[in-house]
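S.K.: File name model17.txt; file contents compact mmCIF, C-alpha atoms; full text below.
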# COMPACT_ATOMS: atom_id res chain seq x y z
CA MET V 878 -104.45 10.83 -8.50
CA ALA V 879 -100.83 10.57 -9.55
CA LYS V 880 -97.70 10.83 -7.38
CA LYS V 881 -94.09 11.12 -8.44
CA ASN V 882 -91.51 11.24 -5.66
CA ASP V 883 -92.74 14.03 -3.39
CA VAL V 884 -95.22 15.50 -5.93
CA GLU V 885 -98.89 14.48 -5.94
CA VAL V 886 -101.49 15.44 -8.58
CA THR V 887 -105.20 15.31 -7.77
CA VAL V 888 -107.85 15.93 -10.45
CA GLN V 889 -110.59 18.18 -9.15
CA LYS V 890 -112.82 18.12 -12.23
CA THR V 891 -112.77 17.56 -15.98
CA GLU V 892 -115.33 19.06 -18.32
CA LYS V 893 -116.04 19.83 -21.94
CA VAL V 894 -115.35 23.30 -23.19
CA GLU V 895 -117.92 25.08 -25.30
CA ASN V 896 -116.31 27.65 -27.57
CA ALA V 897 -116.47 29.05 -31.09
CA LYS V 898 -115.13 25.77 -32.50
CA THR V 899 -117.77 23.59 -30.86
CA ARG V 900 -120.54 26.01 -31.79
CA LYS V 901 -119.39 25.92 -35.39
CA GLN V 902 -119.43 22.12 -35.31
CA GLN V 903 -122.99 22.12 -34.02
CA GLU V 904 -124.04 24.55 -36.73
CA GLU V 905 -122.39 22.42 -39.42
CA ALA V 906 -124.08 19.28 -38.10
CA ALA V 907 -127.46 21.03 -38.14
CA ALA V 908 -126.85 22.25 -41.70
CA ILE V 909 -125.88 18.75 -42.84
CA LYS V 910 -128.98 17.30 -41.19
CA LYS V 911 -131.12 19.79 -43.10
CA ARG V 912 -129.35 18.96 -46.38
CA LYS V 913 -129.94 15.27 -45.71
CA GLU V 914 -133.67 15.82 -45.21
CA GLU V 915 -133.81 17.83 -48.43
CA ALA V 916 -131.77 15.26 -50.37
CA ASP V 917 -133.95 12.39 -49.13
CA ALA V 918 -137.07 14.32 -50.11
CA ALA V 919 -135.60 15.07 -53.55
CA ALA V 920 -134.74 11.40 -54.07
CA GLU V 921 -138.28 10.42 -53.10
CA ALA V 922 -139.68 13.00 -55.52
CA GLU V 923 -137.51 11.61 -58.32
CA ARG V 924 -138.80 8.12 -57.62
CA GLU V 925 -142.41 9.30 -57.64
CA GLU V 926 -141.90 11.21 -60.88
CA THR V 927 -140.38 8.18 -62.59
CA ALA V 928 -143.21 5.98 -61.30
CA ARG V 929 -145.78 8.50 -62.55
CA LYS V 930 -144.26 8.59 -66.03
CA ARG V 931 -144.15 4.81 -66.21
CA ALA V 932 -147.78 4.54 -65.08
CA GLU V 933 -148.88 7.10 -67.67
CA LEU V 934 -146.93 5.31 -70.36
CA GLU V 935 -148.46 1.95 -69.48
CA ALA V 936 -151.95 3.46 -69.50
CA GLU V 937 -151.29 5.05 -72.89
CA LYS V 938 -150.00 1.76 -74.27
CA ARG V 939 -153.11 -0.06 -73.05
CA ARG V 940 -155.32 2.58 -74.65
CA PHE V 941 -153.42 2.18 -77.90
CA GLU V 942 -153.76 -1.62 -77.86
CA GLU V 943 -157.47 -1.39 -77.13
CA GLN V 944 -157.96 1.10 -79.97
CA LYS V 945 -155.99 -1.10 -82.34
CA LYS V 946 -158.08 -4.15 -81.45
CA ALA V 947 -161.30 -2.18 -81.90
CA GLU V 948 -160.27 -0.98 -85.35
CA GLU V 949 -159.16 -4.49 -86.36
CA LYS V 950 -162.57 -5.76 -85.34
CA ALA V 951 -164.23 -2.97 -87.37
CA ARG V 952 -162.20 -3.97 -90.43
CA GLU V 953 -163.27 -7.58 -90.03
CA GLU V 954 -166.91 -6.56 -89.73
CA GLU V 955 -166.59 -4.38 -92.86
CA ALA V 956 -165.02 -7.26 -94.79
CA LYS V 957 -167.87 -9.58 -93.77
CA LYS V 958 -170.42 -6.99 -94.85
CA LYS V 959 -168.85 -6.63 -98.28
CA ALA V 960 -168.65 -10.37 -98.64
CA LYS V 961 -172.39 -10.61 -98.04
CA GLN V 962 -172.99 -7.87 -100.62
CA THR V 963 -170.94 -9.87 -103.13
CA GLU V 964 -172.92 -13.01 -102.44
CA ALA V 965 -176.12 -11.03 -103.05
CA MET V 966 -174.77 -9.66 -106.36
CA VAL V 967 -173.81 -13.15 -107.52
CA ALA V 968 -177.20 -14.51 -106.60
CA ALA V 969 -178.94 -11.65 -108.43
CA GLY V 970 -176.82 -12.20 -111.53
CA ALA V 971 -177.58 -15.90 -111.54
CA ALA V 972 -181.29 -15.23 -111.18
CA LEU V 973 -181.21 -12.73 -114.04
CA ALA V 974 -179.42 -15.14 -116.32
CA GLY V 975 -181.80 -17.94 -115.43
CA GLY V 976 -184.80 -15.73 -116.13
CA ALA V 977 -183.49 -14.74 -119.55
CA LEU V 978 -183.07 -18.38 -120.53
CA LYS V 979 -186.57 -19.32 -119.40
CA LYS V 980 -188.09 -16.59 -121.59
CA GLY V 981 -186.86 -18.44 -124.56
CA GLY V 982 -184.27 -16.02 -125.74
CA SER V 983 -181.76 -17.24 -128.15
CA PHE V 984 -179.08 -19.42 -126.77
CA GLY V 985 -176.40 -16.93 -127.80
CA LYS V 986 -178.17 -14.03 -126.15
CA GLY V 987 -178.61 -15.91 -122.89
CA LEU V 988 -175.01 -16.98 -122.97
CA ILE V 989 -173.84 -13.40 -123.41
CA ILE V 990 -176.04 -12.19 -120.54
CA GLY V 991 -174.80 -14.97 -118.28
CA LEU V 992 -171.18 -14.25 -119.09
CA LEU V 993 -171.71 -10.55 -118.48
CA ILE V 994 -173.33 -11.11 -115.10
CA GLY V 995 -170.64 -13.62 -114.16
CA ALA V 996 -167.95 -11.10 -115.06
CA ILE V 997 -169.61 -8.48 -112.88
CA ALA V 998 -169.81 -10.91 -109.98
CA SER V 999 -166.20 -12.03 -110.42
CA PHE V 1000 -165.05 -8.40 -110.46
CA ALA V 1001 -166.97 -7.67 -107.25
CA ILE V 1002 -165.62 -10.77 -105.53
CA THR V 1003 -162.08 -9.93 -106.54
CA ARG V 1004 -162.43 -6.33 -105.33
CA ILE V 1005 -163.92 -7.34 -102.00
CA LEU V 1006 -161.83 -10.35 -101.12
CA PHE V 1007 -158.43 -9.45 -102.50
CA ALA V 1008 -158.31 -5.68 -102.28
CA GLN V 1009 -158.10 -5.25 -98.47
CA PRO V 1010 -159.23 -1.90 -97.13
CA PRO V 1011 -156.41 0.42 -96.13
CA ALA V 1012 -155.10 0.11 -92.58
CA PRO V 1013 -156.99 2.41 -90.26
CA GLU V 1014 -155.27 5.56 -89.09
CA VAL V 1015 -154.05 5.09 -85.55
CA HIS V 1016 -154.60 8.17 -83.49
CA TYR V 1017 -151.77 7.46 -81.04
CA SER V 1018 -148.48 9.13 -80.55
CA THR V 1019 -146.29 8.95 -77.48
CA PRO V 1020 -145.82 12.43 -76.00
CA GLU V 1021 -142.23 13.43 -75.44
CA ASP V 1022 -142.52 13.19 -71.66
CA LEU V 1023 -143.98 9.71 -71.96
CA GLU V 1024 -141.13 8.21 -73.92
CA GLU V 1025 -140.06 4.85 -72.67
CA PRO V 1026 -137.79 5.54 -69.70
CA ALA V 1027 -134.28 4.45 -70.45
CA GLY V 1028 -132.69 1.68 -68.47
CA PRO V 1029 -130.99 2.71 -65.23
CA GLY V 1030 -127.69 3.22 -67.01
CA TYR V 1031 -125.76 2.31 -63.87
CA THR V 1032 -124.83 -0.71 -61.82
CA ALA V 1033 -123.96 -1.33 -58.19
CA LEU V 1034 -120.33 -1.14 -59.26
CA ASP V 1035 -120.81 2.48 -60.36
CA PHE V 1036 -121.88 3.46 -56.84
CA GLN V 1037 -119.05 1.49 -55.27
CA ASN V 1038 -116.41 2.97 -57.52
CA ALA V 1039 -117.65 6.51 -56.87
CA VAL V 1040 -117.53 6.01 -53.10
CA LEU V 1041 -114.15 4.26 -53.08
CA GLY V 1042 -112.63 6.95 -55.26
CA GLU V 1043 -113.59 9.62 -52.74
CA ALA V 1044 -112.64 7.44 -49.75
CA SER V 1045 -109.09 7.24 -51.07
CA GLU V 1046 -108.91 11.01 -50.59
CA HIS V 1047 -110.06 10.77 -46.95
CA GLN V 1048 -108.05 8.02 -45.26
CA GLU V 1049 -108.87 9.54 -41.86
CA LEU V 1050 -112.04 11.61 -41.89
CA VAL V 1051 -112.09 14.13 -39.02
CA VAL V 1052 -115.63 14.13 -37.61
CA MET V 1053 -115.37 15.96 -34.28
CA GLU V 1054 -113.02 18.04 -32.17
CA GLN V 1055 -113.83 18.28 -28.47
CA PRO V 1056 -111.95 20.74 -26.26
CA VAL V 1057 -111.65 19.83 -22.56
CA GLN V 1058 -110.28 21.43 -19.45
CA MET V 1059 -108.96 19.67 -16.36
CA THR V 1060 -108.52 21.37 -13.03
CA THR V 1061 -105.89 19.73 -10.82
CA THR V 1062 -104.23 20.28 -7.50
CA VAL V 1063 -100.46 19.73 -7.46
CA THR V 1064 -99.02 19.17 -4.02
CA LYS V 1065 -95.30 19.03 -3.24
CA SER V 1066 -94.35 17.57 0.12
CA GLY V 1067 -91.73 19.30 2.16
CA LEU V 1068 -89.21 18.21 4.73
CA GLY V 1069 -90.32 15.08 6.51
CA ASN V 1070 -93.62 15.25 4.65
CA LEU V 1071 -94.78 17.74 7.23
CA SER V 1072 -97.69 20.02 6.33
CA VAL V 1073 -95.82 23.12 7.46
CA PHE V 1074 -93.39 22.58 4.59
CA ARG V 1075 -96.03 21.60 2.01
CA LYS V 1076 -96.79 23.63 -1.14
CA THR V 1077 -100.00 23.33 -3.14
CA LYS V 1078 -100.97 24.89 -6.47
CA THR V 1079 -104.16 24.67 -8.51
CA ILE V 1080 -103.41 24.22 -12.22
CA THR V 1081 -105.96 24.04 -15.06
CA TYR V 1082 -104.86 22.24 -18.21
CA TYR V 1083 -106.49 22.44 -21.65
CA GLY V 1084 -106.53 20.06 -24.56
CA THR V 1085 -108.57 19.06 -27.62
CA GLY V 1086 -109.54 15.53 -28.52
CA VAL V 1087 -109.80 14.82 -32.25
CA PHE V 1088 -112.14 12.03 -33.35
CA THR V 1089 -111.80 10.43 -36.78
CA VAL V 1090 -113.36 7.68 -38.88
CA ASP V 1091 -110.85 5.35 -40.48
CA LEU V 1092 -111.68 4.81 -44.17
CA LYS V 1093 -108.47 3.03 -45.17
CA ASP V 1094 -110.07 -0.42 -45.14
CA LEU V 1095 -113.30 0.60 -46.88
CA ASP V 1096 -114.01 -1.74 -49.80
CA LYS V 1097 -116.92 -2.94 -51.95
CA ASP V 1098 -118.17 -5.20 -49.16
CA HIS V 1099 -118.83 -2.10 -47.06
CA ILE V 1100 -120.92 -0.42 -49.78
CA LEU V 1101 -124.28 -2.16 -50.05
CA VAL V 1102 -126.58 -1.23 -52.94
CA ASP V 1103 -130.27 -2.14 -52.56
CA GLU V 1104 -131.90 -1.67 -55.98
CA LYS V 1105 -135.38 -2.40 -54.65
CA LYS V 1106 -135.23 0.22 -51.89
CA GLN V 1107 -132.90 2.40 -53.97
CA THR V 1108 -130.47 3.00 -51.14
CA VAL V 1109 -126.70 2.86 -50.79
CA THR V 1110 -125.66 1.84 -47.29
CA LEU V 1111 -122.13 2.70 -46.19
CA LYS V 1112 -120.73 0.62 -43.35
CA VAL V 1113 -117.84 2.45 -41.71
CA PRO V 1114 -115.99 2.04 -38.40
CA LYS V 1115 -117.12 3.94 -35.34
CA PRO V 1116 -115.19 7.13 -34.67
CA THR V 1117 -112.20 6.86 -32.36
CA LEU V 1118 -110.10 9.38 -30.46
CA GLN V 1119 -107.26 9.69 -32.94
CA TYR V 1120 -105.13 12.02 -30.83
CA LEU V 1121 -105.23 14.50 -27.98
CA GLU V 1122 -103.71 17.87 -28.66
CA PRO V 1123 -102.64 19.68 -25.45
CA ASP V 1124 -102.65 23.46 -25.33
CA TYR V 1125 -100.02 24.25 -22.73
CA GLU V 1126 -100.05 27.94 -23.63
CA LYS V 1127 -103.50 28.19 -22.09
CA THR V 1128 -102.49 26.46 -18.87
CA GLU V 1129 -103.69 28.49 -15.89
CA PHE V 1130 -101.76 28.64 -12.62
CA GLU V 1131 -103.23 29.92 -9.39
CA ASP V 1132 -101.24 31.20 -6.46
CA THR V 1133 -99.31 28.67 -4.44
CA ASP V 1134 -100.67 27.78 -1.02
CA LYS V 1135 -97.77 27.30 1.40
CA GLY V 1136 -97.33 25.76 4.76
CA LEU V 1137 -96.17 27.94 7.61
CA LEU V 1138 -92.49 27.15 7.06
CA ALA V 1139 -92.62 26.69 3.26
CA TRP V 1140 -90.67 29.23 1.23
CA GLY V 1141 -90.73 30.16 -2.44
CA ASP V 1142 -92.98 29.00 -5.22
CA LEU V 1143 -93.78 25.39 -6.06
CA ALA V 1144 -90.97 24.28 -8.35
CA LEU V 1145 -91.00 21.11 -10.42
CA THR V 1146 -88.16 19.25 -12.05
CA ALA V 1147 -88.35 18.42 -15.76
CA GLU V 1148 -88.98 14.80 -14.85
CA GLN V 1149 -91.81 15.71 -12.47
CA GLN V 1150 -93.36 18.02 -15.07
CA ASN V 1151 -93.17 15.27 -17.71
CA GLU V 1152 -94.87 12.78 -15.40
CA ILE V 1153 -97.64 15.22 -14.61
CA GLU V 1154 -98.28 15.89 -18.29
CA LYS V 1155 -98.47 12.14 -18.98
CA SER V 1156 -100.99 11.76 -16.18
CA ILE V 1157 -103.08 14.68 -17.49
CA ASP V 1158 -103.05 13.20 -21.00
CA ALA V 1159 -104.21 9.79 -19.77
CA GLN V 1160 -107.02 11.23 -17.68
CA MET V 1161 -108.22 13.51 -20.46
CA ARG V 1162 -108.33 10.50 -22.79
CA GLU V 1163 -110.33 8.59 -20.22
CA PHE V 1164 -112.79 11.46 -19.97
CA LEU V 1165 -113.14 11.63 -23.77
CA SER V 1166 -113.91 7.89 -23.85
CA GLN V 1167 -117.10 8.31 -21.85
CA ALA V 1168 -120.35 7.16 -23.45
CA GLU V 1169 -121.77 10.68 -23.71
CA VAL V 1170 -118.79 12.00 -25.66
CA GLN V 1171 -118.66 8.88 -27.85
CA ALA V 1172 -122.37 9.20 -28.69
CA GLN V 1173 -121.85 12.78 -29.81
CA ALA V 1174 -118.86 11.76 -31.93
CA GLU V 1175 -120.96 9.04 -33.58
CA GLU V 1176 -123.73 11.52 -34.39
CA PHE V 1177 -121.21 13.82 -36.04
CA ALA V 1178 -119.64 10.86 -37.83
CA ARG V 1179 -122.91 9.87 -39.48
CA MET V 1180 -123.47 13.41 -40.67
CA LYS V 1181 -119.90 13.90 -41.93
CA VAL V 1182 -119.75 10.57 -43.77
CA TRP V 1183 -123.15 11.20 -45.35
CA ASP V 1184 -122.13 14.71 -46.40
CA THR V 1185 -118.91 13.40 -47.95
CA PHE V 1186 -120.42 10.66 -50.10
CA GLN V 1187 -124.04 11.64 -50.79
CA PRO V 1188 -123.21 13.99 -53.72
CA LEU V 1189 -121.33 11.14 -55.43
CA VAL V 1190 -124.24 8.73 -55.07
CA THR V 1191 -126.72 11.35 -56.30
CA ALA V 1192 -124.50 12.00 -59.33
CA VAL V 1193 -124.89 8.32 -60.28
CA SER V 1194 -128.65 8.34 -59.67
CA PRO V 1195 -130.75 11.10 -58.07
CA GLU V 1196 -133.29 8.48 -56.98
CA TYR V 1197 -130.93 6.84 -54.48
CA LYS V 1198 -130.64 7.71 -50.79
CA VAL V 1199 -127.55 7.25 -48.64
CA ASP V 1200 -127.57 5.54 -45.24
CA VAL V 1201 -124.59 5.33 -42.88
CA GLU V 1202 -124.07 2.49 -40.43
CA LEU V 1203 -121.29 2.49 -37.83
CA GLU V 1204 -119.64 -0.83 -37.08
Represent the structure of the file as structure tokens.

M.R.:
Amino acid sequence: MAKKNDVEVTVQKTEKVENAKTRKQQEEAAAIKKRKEEADAAAEAEREETARKRAELEAEKRRFEEQKKAEEKAREEEAKKKAKQTEAMVAAGAALAGGALKKGGSFGKGLIIGLLIGAIASFAITRILFAQPPAPEVHYSTPEDLEEPAGPGYTALDFQNAVLGEASEHQELVVMEQPVQMTTTVTKSGLGNLSVFRKTKTITYYGTGVFTVDLKDLDKDHILVDEKKQTVTLKVPKPTLQYLEPDYEKTEFEDTDKGLLAWGDLALTAEQQNEIEKSIDAQMREFLSQAEVQAQAEEFARMKVWDTFQPLVTAVSPEYKVDVELE
């Protein structure tokens, strides 16, 4: 209730107005919520795909290492086998030479036989021990989709710079507009404050409260990058009622109720009208500060902030999600 000289203003009721603007806001919020769900699901899918490729690559590498060890072992076994064959050839040559000597052959003939057998043995030993078998063919090749995933290619600073660059374009981010209407009773006392001279008029005022999120002080400390959870958390201020825009053209005036001896319409001086408008502004602001309205503004703020910055974060890495916290 406000009173200026002989004029008294009583607020009958104040309520939110649902119109095309508020319905559009609700539709936009619902669309953003759906995009957020889709973006979060896409980020999760990207993470799973990267994890799958890494797991397949690790399994393929293990298979390759196991195959390489098995073939190395086979080469060693083959070398041992040939070494034993060489030992057998040497032993056979020695036995042959010894047998020839025992049979009483000429010394020269035995010597020639011994040298010949020794040469054969030496050739076999040299071939086996010094001519290593060719490296086994490795039946492993990394498929194109299993190539070693590149490093992340980004840092926390990349996310922060992307967000701050966009924030500089939105110093005050408008997140909600809430129209309101206030029905009042304006009473002007008459002569001697007697009811017979009193005039009363019901007037309905309209206005729109505009809520914004202040991004001017956003810095790197408000952009938290969690590499383990692959999230970028934006800490921004809670939305505030930036201004109240009255719509005096929509003001509705009902007929004046007059006392028995009251004449003419209810007339206000410029000063009285100014005081009434100040009172209406203050009471509309008070209404828009209620918890219910603030909660709705905060819901819209989370959606709007997410929608503004999520594409920038995704452009740096499609595996990262965006969370918004209001401080």

S.K.: Just the number, please: distance in Å from CA of Leu1203 (chain V) to CA of Val1052 (chain V), one decimal.

M.R.: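 Taking CA of Leu1203 (chain V) as the start and CA of Val1052 (chain V) as the end point, the length is 12.9 Å.
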
S.K.: Could you check which of V:Val886, V:Val1170, V:Leu1071, V:Ala1159 is closest to Met1053 (chain V), using only C-alpha atoms?

M.R.: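 Distance minimum relative to Met1053 (chain V) lands on V:Val1170.
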
S.K.: Compile a residue-level contact table for region 1072-1122 of chain V against region 919-922 of chain V at a cut-off of 12 Å, reporting for every qualifying residue the shortest atom pair and its distance in Å to one decimal, with all atoms listed in the file counted, rows ordered by chain and ascending number, as a Markdown table.

M.R.:
| residue | atom | partner | partner_atom | distance |
| --- | --- | --- | --- | --- |
| V:Lys1106 | CA | V:Glu921 | CA | 10.7 |
| V:Gln1107 | CA | V:Ala920 | CA | 9.2 |
| V:Thr1108 | CA | V:Ala920 | CA | 9.9 |

S.K.: List the spatial neighbours of Phe1088 (chain V) as a ChimeraX atom specification - criterion: any atom at most 8 Å away, all atoms listed in the file, same-chain residues fewer than 4 positions off excluded.

M.R.: /V:1051-1054,1116-1120,1174

S.K.: With distances taken over only C-alpha atoms, which residue among V:Leu1145, V:Ala1044, V:Ala936, V:Ala918 lies nearest Thr1185 (chain V)?

M.R.: V:Ala1044

S.K.: Would you compute the distance between CA of Val1201 (chain V) and CA of Leu1121 (chain V)? Give it in Å to one decimal.

M.R.: 26.1 Å

S.K.: Using all atoms listed in the file for the distances, tell me which of V:Val1113, V:Gln1171, V:Thr1061, V:Gly1141 is nearest to Thr887 (chain V).

M.R.: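 Once distances to Thr887 (chain V) are computed over all atoms listed in the file, the minimum belongs to V:Thr1061.
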
S.K.: Counting all atoms listed in the file, note down every residue that has an atom within 12 Å of the point (-95.1, 33.1, -3.1) (file coordinates), as a list in words.

M.R.: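 The answer, in the requested form, is Lys1076, Thr1077, Lys1078, Glu1131, Asp1132, Thr1133, Asp1134, Lys1135, Gly1136, Leu1137, Ala1139, Trp1140, Gly1141, Asp1142, Leu1143 and Ala1144 of chain V.
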
S.K.: For the residues in that selection, give me C-alpha atoms as a PDB file, keeping the file's coordinate frame.

M.R.:
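Below is the file that was written, again-v6.pdb:
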ATOM      1  CA  LYS V1076     -96.790  23.630  -1.140  1.00  0.00           C
ATOM      2  CA  THR V1077    -100.000  23.330  -3.140  1.00  0.00           C
ATOM      3  CA  LYS V1078    -100.970  24.890  -6.470  1.00  0.00           C
ATOM      4  CA  GLU V1131    -103.230  29.920  -9.390  1.00  0.00           C
ATOM      5  CA  ASP V1132    -101.240  31.200  -6.460  1.00  0.00           C
ATOM      6  CA  THR V1133     -99.310  28.670  -4.440  1.00  0.00           C
ATOM      7  CA  ASP V1134    -100.670  27.780  -1.020  1.00  0.00           C
ATOM      8  CA  LYS V1135     -97.770  27.300   1.400  1.00  0.00           C
ATOM      9  CA  GLY V1136     -97.330  25.760   4.760  1.00  0.00           C
ATOM     10  CA  LEU V1137     -96.170  27.940   7.610  1.00  0.00           C
ATOM     11  CA  ALA V1139     -92.620  26.690   3.260  1.00  0.00           C
ATOM     12  CA  TRP V1140     -90.670  29.230   1.230  1.00  0.00           C
ATOM     13  CA  GLY V1141     -90.730  30.160  -2.440  1.00  0.00           C
ATOM     14  CA  ASP V1142     -92.980  29.000  -5.220  1.00  0.00           C
ATOM     15  CA  LEU V1143     -93.780  25.390  -6.060  1.00  0.00           C
ATOM     16  CA  ALA V1144     -90.970  24.280  -8.350  1.00  0.00           C
TER      17      ALA V1144
END

S.K.: Which is closest to Glu885 (chain V) among V:Arg1075, V:Lys930, V:His1047, V:Arg952, if we use all atoms listed in the file?

M.R.: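 Counting all atoms listed in the file, the residue closest to Glu885 (chain V) is V:Arg1075.
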